[in-house]
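Written below as structure tokens is the structure these notes are about.
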Number of protein chains: 4
Amino acid sequence: MHAQEMIRSHPQVQGRTNDALIRCIEECYDCAQICTSCADACLGEEMVQQLRQCIRLNLDCADICMVTGTMATRRTGSNEELLHRMIETCAMACRLCAEECERHAQHHEHCRVCAEACRRCEEACRSAMSGMGSRH
Amino acid sequence: MHAQEMIRSHPQVQGRTNDALIRCIEECYDCAQICTSCADACLGEEMVQQLRQCIRLNLDCADICMVTGTMATRRTGSNEELLHRMIETCAMACRLCAEECERHAQHHEHCRVCAEACRRCEEACRSAMSGMGSRH
Amino acid sequence: MHAQEMIRSHPQVQGRTNDALIRCIEECYDCAQICTSCADACLGEEMVQQLRQCIRLNLDCADICMVTGTMATRRTGSNEELLHRMIETCAMACRLCAEECERHAQHHEHCRVCAEACRRCEEACRSAMSGMGSRH
Amino acid sequence: MHAQEMIRSHPQVQGRTNDALIRCIEECYDCAQICTSCADACLGEEMVQQLRQCIRLNLDCADICMVTGTMATRRTGSNEELLHRMIETCAMACRLCAEECERHAQHHEHCRVCAEACRRCEEACRSAMSGMGSRH
């Protein structure tokens, strides 16, 4: 992805990028695609009835990652308090989805890959939050 | 909107709808459309430079309302803890956007209507949360 | 919804709203919520395996309606050619989803309501296109 | 991104991935992030009034890329005709956004990077379509 190249050229950023936040953006977009794909693969499995909860958490996580990545991309004006809260919500979505996907990881490769992506995104969210200051 | 008619027919809901949650869904979709419209109208104003912060908060609020409305629509499986957190985040987004729009409400009709929608959606989010039980 | 009230107050619109386009916006937001709800209800049905194609078309239609409603809301600048193409794509998504939901309408109330919403949205898309002039 | 790894593990795909479509998915997600970033950077520029049309096309392109990437990720069931139409619409969105960003590329680095991403995504959409057969 090109998040760093873009945000570095923002008039208010002027080259001083927050690398933890940029990694968070990239993991959010990646995780959104992967969770969309896992929900769809689970729906195609013969045992779809046992994967309903997984599909539900996949879809919720995909939506939340998408909006978190979008919000975290914006640098004009300021909305730090809300962004912090959204990244925190995203970390929770990733953790819950990872926990469910891990239950199916042995039987479904897509759940294994998805669980790993959710853990990476959860961790990137936590790093981004710690870089935003303790006040938020 | 038809949120109630749809959710009432869900196999796990069986007619027992949560009216506060349904109102929250409808206000979220309405607020998403209105915030998208307000961001766009602010961008078209001659004084766009003074409306940057408003556009930023409008866009963030539109994205968050959209995903909150989508998540709250889903009834298969369970993701109550995350949904509660997301609705709480949405209430914050609506409050921040309303506060900013209220500053411009005298000069811009779209900001006046948008502030009112954000306040309605904030209130609907709070009602939906109180109906979800104190544990979350 | 408040689409008309908002768009009427846009600096470039100045009260001259296109009513067919506004109805299209409102049907798109409504149809997005309904298709999200139908996908979720189908996933919760015992016979979920026979509803896979319906879920797929519901999810695609929900996504397309959402972005069509969002794009059609914007009035700053001009992007008529693309908007026309997007509304045309949305009409197709609604028609395909309606055809599939109609097959399940006798057994599932959510499919019956969803098929009706898709037909309404398809028709609103066609009216909006005819109001945009033959050049596009 | 991990689109290939995920789609390869889909029960209906069974390792036979369409590489042109996977590249299209990845470019769509990348372009969505970049267009969101360019709209936001344009909004932060001193000369925002001259960048209104650019912001409009950026936002429309971001929304369309997002939904195209999401739809193209799904492999359960079949929706080829609609997917083809959506990818075609996306190629148009990318072309229009690229043409506008190219006008500002000399003055704004974010427009230069965004124009390049839109051209890459447009080309990836065209390759994906040609791999889907001439009937659609």
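In the structure tokens, each chain is lettered A, B, ... as it comes, each chain's residues begin at 1, and ligands are numbered from 1 in order of appearance.
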
**Study point:** stretch 116-132 of chain C surroundings by only C-alpha atoms, 8 Å radius, close-in-sequence under 2 positions cut, as a ChimeraX atom specification
**Key:** /C:20-21,23-24,27-28,30-31,34,84,87-88,90-92,94-95,97-98,112-114,134,136

Could you build a table of the residues in chain C lying no more than 9 Å from chain D, giving for each the nearest pair of atoms and their separation in Å rounded to one decimal place, using only C-alpha atoms, ordered by chain and ascending residue number, as a Markdown table?
```
| residue | atom | partner | partner_atom | distance |
| --- | --- | --- | --- | --- |
| C:Arg52 | CA | D:Gly77 | CA | 6.6 |
| C:Gln53 | CA | D:Gly77 | CA | 5.0 |
| C:Cys54 | CA | D:Gly77 | CA | 8.5 |
| C:Ile55 | CA | D:Gly77 | CA | 8.9 |
| C:Arg56 | CA | D:Gly77 | CA | 6.5 |
| C:Leu57 | CA | D:Asn79 | CA | 7.1 |
| C:Leu59 | CA | D:Met71 | CA | 8.4 |
| C:Asp60 | CA | D:Met71 | CA | 6.1 |
| C:Asp63 | CA | D:Val67 | CA | 6.1 |
| C:Ile64 | CA | D:Val67 | CA | 6.8 |
| C:Val67 | CA | D:Asp63 | CA | 6.1 |
| C:Thr68 | CA | D:Ile64 | CA | 8.7 |
| C:Thr70 | CA | D:Asp63 | CA | 8.4 |
| C:Met71 | CA | D:Asp60 | CA | 6.1 |
| C:Arg74 | CA | D:Arg56 | CA | 7.8 |
| C:Arg75 | CA | D:Arg56 | CA | 8.8 |
| C:Thr76 | CA | D:Arg56 | CA | 6.8 |
| C:Gly77 | CA | D:Gln53 | CA | 5.0 |
| C:Ser78 | CA | D:Gln53 | CA | 7.0 |
| C:Asn79 | CA | D:Leu57 | CA | 7.1 |
| C:Leu82 | CA | D:Ala93 | CA | 6.5 |
| C:Leu83 | CA | D:Asp60 | CA | 8.9 |
| C:Arg85 | CA | D:Thr89 | CA | 6.5 |
| C:Met86 | CA | D:Thr89 | CA | 6.6 |
| C:Thr89 | CA | D:Arg85 | CA | 6.5 |
| C:Met92 | CA | D:Leu82 | CA | 7.0 |
| C:Ala93 | CA | D:Leu82 | CA | 6.5 |
| C:Leu96 | CA | D:Leu82 | CA | 8.4 |
```

Next, dump the selected residues to file, keeping only N, CA, C and O atoms, as a tab-separated table (two decimals), in the first residue's frame.
```tsv
chain	number	residue	atom	x	y	z
C	52	ARG	N	-27.60	-19.76	-0.09
C	52	ARG	CA	-26.28	-19.17	-0.34
C	52	ARG	C	-26.30	-18.13	-1.46
C	52	ARG	O	-25.73	-17.06	-1.33
C	53	GLN	N	-26.91	-18.49	-2.57
C	53	GLN	CA	-26.94	-17.56	-3.70
C	53	GLN	C	-27.71	-16.29	-3.33
C	53	GLN	O	-27.33	-15.18	-3.71
C	54	CYS	N	-28.76	-16.48	-2.54
C	54	CYS	CA	-29.55	-15.32	-2.10
C	54	CYS	C	-28.70	-14.40	-1.20
C	54	CYS	O	-28.72	-13.18	-1.35
C	55	ILE	N	-27.94	-15.01	-0.29
C	55	ILE	CA	-27.07	-14.22	0.60
C	55	ILE	C	-26.04	-13.46	-0.23
C	55	ILE	O	-25.80	-12.27	0.00
C	56	ARG	N	-25.44	-14.15	-1.20
C	56	ARG	CA	-24.45	-13.51	-2.06
C	56	ARG	C	-25.03	-12.27	-2.76
C	56	ARG	O	-24.43	-11.18	-2.75
C	57	LEU	N	-26.22	-12.45	-3.38
C	57	LEU	CA	-26.82	-11.32	-4.12
C	57	LEU	C	-27.27	-10.22	-3.16
C	57	LEU	O	-27.15	-9.03	-3.47
C	59	LEU	N	-25.79	-9.38	-0.31
C	59	LEU	CA	-24.61	-8.63	0.13
C	59	LEU	C	-24.11	-7.70	-0.97
C	59	LEU	O	-23.78	-6.53	-0.72
C	60	ASP	N	-24.06	-8.21	-2.20
C	60	ASP	CA	-23.62	-7.37	-3.32
C	60	ASP	C	-24.58	-6.19	-3.52
C	60	ASP	O	-24.15	-5.05	-3.73
C	63	ASP	N	-24.17	-3.48	-0.78
C	63	ASP	CA	-22.97	-2.65	-0.99
C	63	ASP	C	-23.18	-1.64	-2.12
C	63	ASP	O	-22.79	-0.47	-2.00
C	64	ILE	N	-23.78	-2.11	-3.21
C	64	ILE	CA	-23.98	-1.23	-4.37
C	64	ILE	C	-25.00	-0.14	-4.06
C	64	ILE	O	-24.82	1.02	-4.43
C	67	VAL	N	-23.32	2.65	-1.87
C	67	VAL	CA	-22.43	3.58	-2.55
C	67	VAL	C	-23.21	4.42	-3.57
C	67	VAL	O	-22.89	5.60	-3.77
C	68	THR	N	-24.27	3.87	-4.15
C	68	THR	CA	-25.08	4.65	-5.09
C	68	THR	C	-25.81	5.77	-4.35
C	68	THR	O	-25.83	6.92	-4.81
C	70	THR	N	-24.88	7.16	-1.58
C	70	THR	CA	-23.86	8.12	-1.14
C	70	THR	C	-23.44	9.04	-2.29
C	70	THR	O	-23.41	10.27	-2.14
C	71	MET	N	-23.13	8.43	-3.43
C	71	MET	CA	-22.71	9.23	-4.59
C	71	MET	C	-23.80	10.18	-5.06
C	71	MET	O	-23.53	11.33	-5.41
C	74	ARG	N	-24.14	13.56	-3.30
C	74	ARG	CA	-23.18	14.65	-3.55
C	74	ARG	C	-23.61	15.53	-4.71
C	74	ARG	O	-23.95	15.03	-5.78
C	75	ARG	N	-23.58	16.84	-4.50
C	75	ARG	CA	-23.98	17.81	-5.53
C	75	ARG	C	-22.87	18.81	-5.86
C	75	ARG	O	-23.02	19.63	-6.76
C	76	THR	N	-21.76	18.80	-5.11
C	76	THR	CA	-20.66	19.73	-5.38
C	76	THR	C	-19.88	19.22	-6.58
C	76	THR	O	-19.60	18.02	-6.68
C	77	GLY	N	-19.50	20.15	-7.47
C	77	GLY	CA	-18.82	19.74	-8.69
C	77	GLY	C	-19.78	18.94	-9.55
C	77	GLY	O	-21.01	19.05	-9.41
C	78	SER	N	-19.25	18.11	-10.42
C	78	SER	CA	-20.11	17.37	-11.34
C	78	SER	C	-19.45	16.03	-11.67
C	78	SER	O	-18.25	15.94	-11.90
C	79	ASN	N	-20.27	14.99	-11.66
C	79	ASN	CA	-19.78	13.66	-12.02
C	79	ASN	C	-20.94	12.86	-12.61
C	79	ASN	O	-21.11	11.68	-12.31
C	82	LEU	N	-20.53	9.36	-14.50
C	82	LEU	CA	-20.26	8.24	-13.59
C	82	LEU	C	-21.49	7.92	-12.74
C	82	LEU	O	-21.79	6.75	-12.48
C	83	LEU	N	-22.18	8.96	-12.29
C	83	LEU	CA	-23.37	8.74	-11.46
C	83	LEU	C	-24.43	7.96	-12.26
C	83	LEU	O	-25.06	7.03	-11.74
C	85	ARG	N	-23.91	5.88	-14.71
C	85	ARG	CA	-23.44	4.50	-14.83
C	85	ARG	C	-23.64	3.74	-13.51
C	85	ARG	O	-24.01	2.56	-13.51
C	86	MET	N	-23.40	4.42	-12.41
C	86	MET	CA	-23.55	3.75	-11.11
C	86	MET	C	-25.01	3.43	-10.83
C	86	MET	O	-25.34	2.35	-10.32
C	89	THR	N	-25.94	0.44	-12.81
C	89	THR	CA	-25.40	-0.76	-12.16
C	89	THR	C	-26.26	-1.14	-10.96
C	89	THR	O	-26.50	-2.33	-10.70
C	92	MET	N	-29.41	-2.89	-11.97
C	92	MET	CA	-29.14	-4.29	-12.28
C	92	MET	C	-28.99	-5.13	-11.00
C	92	MET	O	-29.54	-6.24	-10.90
C	93	ALA	N	-28.27	-4.62	-10.04
C	93	ALA	CA	-28.10	-5.33	-8.76
C	93	ALA	C	-29.45	-5.58	-8.11
C	93	ALA	O	-29.71	-6.69	-7.59
C	96	LEU	N	-31.45	-8.35	-10.07
C	96	LEU	CA	-30.93	-9.71	-9.82
C	96	LEU	C	-31.29	-10.18	-8.42
C	96	LEU	O	-31.66	-11.35	-8.22
```

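Taking only C-alpha atoms into account, B:Val13 lies nearest to C:Ala41 out of the set C:Ile25, C:Cys35, C:Ala115, C:Ala41.
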
Practice item. Show which residues sit within 10 Å of C:Ser9, as a PyMOL selection string. Count only C-alpha atoms, and ignore same-chain residues fewer than 4 positions away. Key: (chain B and resi 37-38+41+108-111+113) or (chain C and resi 4-5+13-17)

Create the file for the chosen residues now, containing N, CA and C atoms and written as a PDB file, in the first residue's frame.
```pdb
ATOM      1  N   SER B  37     -24.357  14.487   3.073  1.00  0.00           N
ATOM      2  CA  SER B  37     -24.915  15.645   2.379  1.00  0.00           C
ATOM      3  C   SER B  37     -24.343  16.946   2.942  1.00  0.00           C
ATOM      4  N   CYS B  38     -24.172  17.027   4.249  1.00  0.00           N
ATOM      5  CA  CYS B  38     -23.649  18.245   4.882  1.00  0.00           C
ATOM      6  C   CYS B  38     -22.174  18.447   4.506  1.00  0.00           C
ATOM      7  N   ALA B  41     -22.262  19.782   1.001  1.00  0.00           N
ATOM      8  CA  ALA B  41     -22.758  21.163   0.928  1.00  0.00           C
ATOM      9  C   ALA B  41     -21.709  22.129   1.479  1.00  0.00           C
ATOM     10  N   HIS B 108     -25.798  28.343   7.874  1.00  0.00           N
ATOM     11  CA  HIS B 108     -26.003  27.295   6.880  1.00  0.00           C
ATOM     12  C   HIS B 108     -27.126  26.360   7.311  1.00  0.00           C
ATOM     13  N   GLU B 109     -28.186  26.388   6.539  1.00  0.00           N
ATOM     14  CA  GLU B 109     -29.354  25.537   6.805  1.00  0.00           C
ATOM     15  C   GLU B 109     -28.952  24.057   6.879  1.00  0.00           C
ATOM     16  N   HIS B 110     -28.030  23.643   5.989  1.00  0.00           N
ATOM     17  CA  HIS B 110     -27.634  22.217   6.016  1.00  0.00           C
ATOM     18  C   HIS B 110     -26.969  21.848   7.333  1.00  0.00           C
ATOM     19  N   CYS B 111     -26.223  22.758   7.924  1.00  0.00           N
ATOM     20  CA  CYS B 111     -25.622  22.476   9.233  1.00  0.00           C
ATOM     21  C   CYS B 111     -26.692  22.426  10.332  1.00  0.00           C
ATOM     22  N   VAL B 113     -29.901  21.447   9.963  1.00  0.00           N
ATOM     23  CA  VAL B 113     -30.611  20.173   9.827  1.00  0.00           C
ATOM     24  C   VAL B 113     -29.702  19.011  10.263  1.00  0.00           C
TER      25      VAL B 113
ATOM     26  N   GLN C   4     -34.266  15.385   0.865  1.00  0.00           N
ATOM     27  CA  GLN C   4     -34.734  16.588   0.160  1.00  0.00           C
ATOM     28  C   GLN C   4     -34.390  17.863   0.920  1.00  0.00           C
ATOM     29  N   GLU C   5     -34.667  17.845   2.221  1.00  0.00           N
ATOM     30  CA  GLU C   5     -34.385  19.021   3.052  1.00  0.00           C
ATOM     31  C   GLU C   5     -32.897  19.394   2.979  1.00  0.00           C
ATOM     32  N   VAL C  13     -27.439  24.009  -5.449  1.00  0.00           N
ATOM     33  CA  VAL C  13     -28.758  23.506  -5.817  1.00  0.00           C
ATOM     34  C   VAL C  13     -29.807  24.607  -5.683  1.00  0.00           C
ATOM     35  N   GLN C  14     -29.679  25.375  -4.610  1.00  0.00           N
ATOM     36  CA  GLN C  14     -30.546  26.540  -4.374  1.00  0.00           C
ATOM     37  C   GLN C  14     -32.024  26.251  -4.569  1.00  0.00           C
ATOM     38  N   GLY C  15     -32.470  25.190  -3.943  1.00  0.00           N
ATOM     39  CA  GLY C  15     -33.899  24.901  -3.924  1.00  0.00           C
ATOM     40  C   GLY C  15     -34.426  24.100  -5.106  1.00  0.00           C
ATOM     41  N   ARG C  16     -33.643  24.038  -6.199  1.00  0.00           N
ATOM     42  CA  ARG C  16     -34.135  23.317  -7.391  1.00  0.00           C
ATOM     43  C   ARG C  16     -33.742  21.843  -7.308  1.00  0.00           C
ATOM     44  N   THR C  17     -34.468  21.082  -6.532  1.00  0.00           N
ATOM     45  CA  THR C  17     -34.115  19.669  -6.362  1.00  0.00           C
ATOM     46  C   THR C  17     -34.694  18.820  -7.485  1.00  0.00           C
TER      47      THR C  17
END
```

**Study point:** Interatomic distance, atom CA of C:Gln12 to atom CA of B:Glu45 (Å, one decimal)
**Key:** 8.4 Å

Check your understanding: Mind checking DSSP for stretch 31-87 of chain B and telling me the helix (DSSP H, G or I) residues as an NGL selection string?
Key -> :B and (31-44 or 48-73 or 80-87)

Selected residues written out, N, CA and C atoms, as a CSV table (one decimal), in the first residue's frame:
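Saved result, again.csv, follows:
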```
chain,number,residue,atom,x,y,z
B,31,CYS,N,-28.9,9.5,9.5
B,31,CYS,CA,-27.7,10.4,9.9
B,31,CYS,C,-26.6,10.3,8.9
B,32,ALA,N,-26.3,9.0,8.5
B,32,ALA,CA,-25.3,8.8,7.5
B,32,ALA,C,-25.5,9.6,6.2
B,33,GLN,N,-26.8,9.5,5.8
B,33,GLN,CA,-27.1,10.3,4.5
B,33,GLN,C,-27.0,11.8,4.7
B,34,ILE,N,-27.5,12.2,5.9
B,34,ILE,CA,-27.4,13.7,6.2
B,34,ILE,C,-26.0,14.2,6.3
B,35,CYS,N,-25.2,13.5,7.0
B,35,CYS,CA,-23.8,13.9,7.2
B,35,CYS,C,-23.0,13.9,5.9
B,36,THR,N,-23.3,12.9,5.0
B,36,THR,CA,-22.7,12.9,3.7
B,36,THR,C,-23.1,14.1,2.9
B,37,SER,N,-24.4,14.5,3.1
B,37,SER,CA,-24.9,15.6,2.4
B,37,SER,C,-24.3,16.9,2.9
B,38,CYS,N,-24.2,17.0,4.2
B,38,CYS,CA,-23.6,18.2,4.9
B,38,CYS,C,-22.2,18.4,4.5
B,39,ALA,N,-21.4,17.4,4.5
B,39,ALA,CA,-20.0,17.5,4.1
B,39,ALA,C,-19.9,18.0,2.7
B,40,ASP,N,-20.8,17.5,1.8
B,40,ASP,CA,-20.8,17.9,0.4
B,40,ASP,C,-21.2,19.4,0.2
B,41,ALA,N,-22.3,19.8,1.0
B,41,ALA,CA,-22.8,21.2,0.9
B,41,ALA,C,-21.7,22.1,1.5
B,42,CYS,N,-21.1,21.8,2.6
B,42,CYS,CA,-20.0,22.6,3.2
B,42,CYS,C,-18.9,22.8,2.1
B,43,LEU,N,-18.5,21.7,1.4
B,43,LEU,CA,-17.5,21.8,0.4
B,43,LEU,C,-17.9,22.8,-0.7
B,44,GLY,N,-19.2,22.9,-1.0
B,44,GLY,CA,-19.6,23.8,-2.0
B,44,GLY,C,-19.8,25.2,-1.6
B,48,VAL,N,-15.5,27.7,2.3
B,48,VAL,CA,-15.1,26.3,2.6
B,48,VAL,C,-14.0,26.2,3.5
B,49,GLN,N,-13.0,27.2,3.5
B,49,GLN,CA,-11.9,27.1,4.4
B,49,GLN,C,-12.3,27.1,5.9
B,50,GLN,N,-13.4,27.8,6.2
B,50,GLN,CA,-13.8,27.8,7.6
B,50,GLN,C,-14.7,26.6,8.0
B,51,LEU,N,-14.9,25.8,7.0
B,51,LEU,CA,-15.8,24.6,7.2
B,51,LEU,C,-15.0,23.3,7.2
B,52,ARG,N,-13.7,23.4,7.1
B,52,ARG,CA,-12.9,22.2,7.0
B,52,ARG,C,-13.1,21.2,8.2
B,53,GLN,N,-13.1,21.7,9.4
B,53,GLN,CA,-13.3,20.9,10.6
B,53,GLN,C,-14.7,20.2,10.5
B,54,CYS,N,-15.7,21.0,10.0
B,54,CYS,CA,-17.0,20.5,9.9
B,54,CYS,C,-17.1,19.4,8.9
B,55,ILE,N,-16.4,19.5,7.8
B,55,ILE,CA,-16.4,18.5,6.8
B,55,ILE,C,-15.8,17.2,7.3
B,56,ARG,N,-14.6,17.4,8.0
B,56,ARG,CA,-14.0,16.3,8.6
B,56,ARG,C,-14.9,15.5,9.6
B,57,LEU,N,-15.5,16.2,10.5
B,57,LEU,CA,-16.4,15.5,11.4
B,57,LEU,C,-17.6,14.9,10.7
B,58,ASN,N,-18.2,15.6,9.7
B,58,ASN,CA,-19.3,15.0,8.9
B,58,ASN,C,-18.9,13.7,8.3
B,59,LEU,N,-17.7,13.6,7.7
B,59,LEU,CA,-17.3,12.4,7.0
B,59,LEU,C,-17.1,11.3,8.0
B,60,ASP,N,-16.4,11.6,9.1
B,60,ASP,CA,-16.2,10.6,10.1
B,60,ASP,C,-17.5,10.1,10.7
B,61,CYS,N,-18.4,11.0,10.9
B,61,CYS,CA,-19.8,10.6,11.5
B,61,CYS,C,-20.6,9.8,10.5
B,62,ALA,N,-20.5,10.2,9.2
B,62,ALA,CA,-21.2,9.4,8.2
B,62,ALA,C,-20.7,7.9,8.1
B,63,ASP,N,-19.4,7.8,8.1
B,63,ASP,CA,-18.8,6.4,8.1
B,63,ASP,C,-19.2,5.6,9.3
B,64,ILE,N,-19.2,6.2,10.5
B,64,ILE,CA,-19.4,5.5,11.7
B,64,ILE,C,-20.9,5.1,11.8
B,65,CYS,N,-21.8,6.1,11.4
B,65,CYS,CA,-23.3,5.8,11.4
B,65,CYS,C,-23.6,4.6,10.5
B,66,MET,N,-23.0,4.7,9.3
B,66,MET,CA,-23.2,3.6,8.3
B,66,MET,C,-22.9,2.2,8.9
B,67,VAL,N,-21.7,2.1,9.5
B,67,VAL,CA,-21.3,0.8,10.0
B,67,VAL,C,-22.1,0.4,11.2
B,68,THR,N,-22.5,1.4,12.0
B,68,THR,CA,-23.2,1.1,13.2
B,68,THR,C,-24.6,0.6,12.8
B,69,GLY,N,-25.3,1.2,11.8
B,69,GLY,CA,-26.6,0.8,11.3
B,69,GLY,C,-26.5,-0.6,10.7
B,70,THR,N,-25.4,-0.9,10.0
B,70,THR,CA,-25.2,-2.2,9.4
B,70,THR,C,-25.1,-3.3,10.4
B,71,MET,N,-24.2,-3.0,11.4
B,71,MET,CA,-23.9,-4.0,12.5
B,71,MET,C,-25.2,-4.3,13.3
B,72,ALA,N,-25.9,-3.2,13.6
B,72,ALA,CA,-27.1,-3.3,14.5
B,72,ALA,C,-28.2,-4.1,13.8
B,73,THR,N,-28.1,-4.1,12.5
B,73,THR,CA,-29.1,-4.8,11.7
B,73,THR,C,-29.0,-6.3,11.8
B,80,GLU,N,-22.9,-8.9,21.0
B,80,GLU,CA,-23.4,-7.9,21.8
B,80,GLU,C,-22.4,-6.9,22.4
B,81,GLU,N,-21.3,-7.5,22.9
B,81,GLU,CA,-20.3,-6.6,23.5
B,81,GLU,C,-19.7,-5.6,22.5
B,82,LEU,N,-19.4,-6.1,21.3
B,82,LEU,CA,-18.9,-5.3,20.3
B,82,LEU,C,-19.9,-4.3,19.8
B,83,LEU,N,-21.2,-4.7,19.6
B,83,LEU,CA,-22.2,-3.8,19.2
B,83,LEU,C,-22.4,-2.7,20.1
B,84,HIS,N,-22.4,-3.0,21.4
B,84,HIS,CA,-22.6,-2.0,22.4
B,84,HIS,C,-21.4,-1.0,22.3
B,85,ARG,N,-20.2,-1.4,22.2
B,85,ARG,CA,-19.1,-0.5,22.0
B,85,ARG,C,-19.2,0.4,20.8
B,86,MET,N,-19.7,-0.3,19.7
B,86,MET,CA,-19.8,0.5,18.4
B,86,MET,C,-20.9,1.6,18.6
B,87,ILE,N,-22.0,1.2,19.2
B,87,ILE,CA,-23.1,2.2,19.4
B,87,ILE,C,-22.6,3.4,20.3
```

Exercise for review: Provide the atom CA of A:Gln106 to atom CA of D:His10 distance in Å, to one decimal place.
Suggested key: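 Straight-line distance from atom CA of A:Gln106 to atom CA of D:His10 works out to 14.7 Å.
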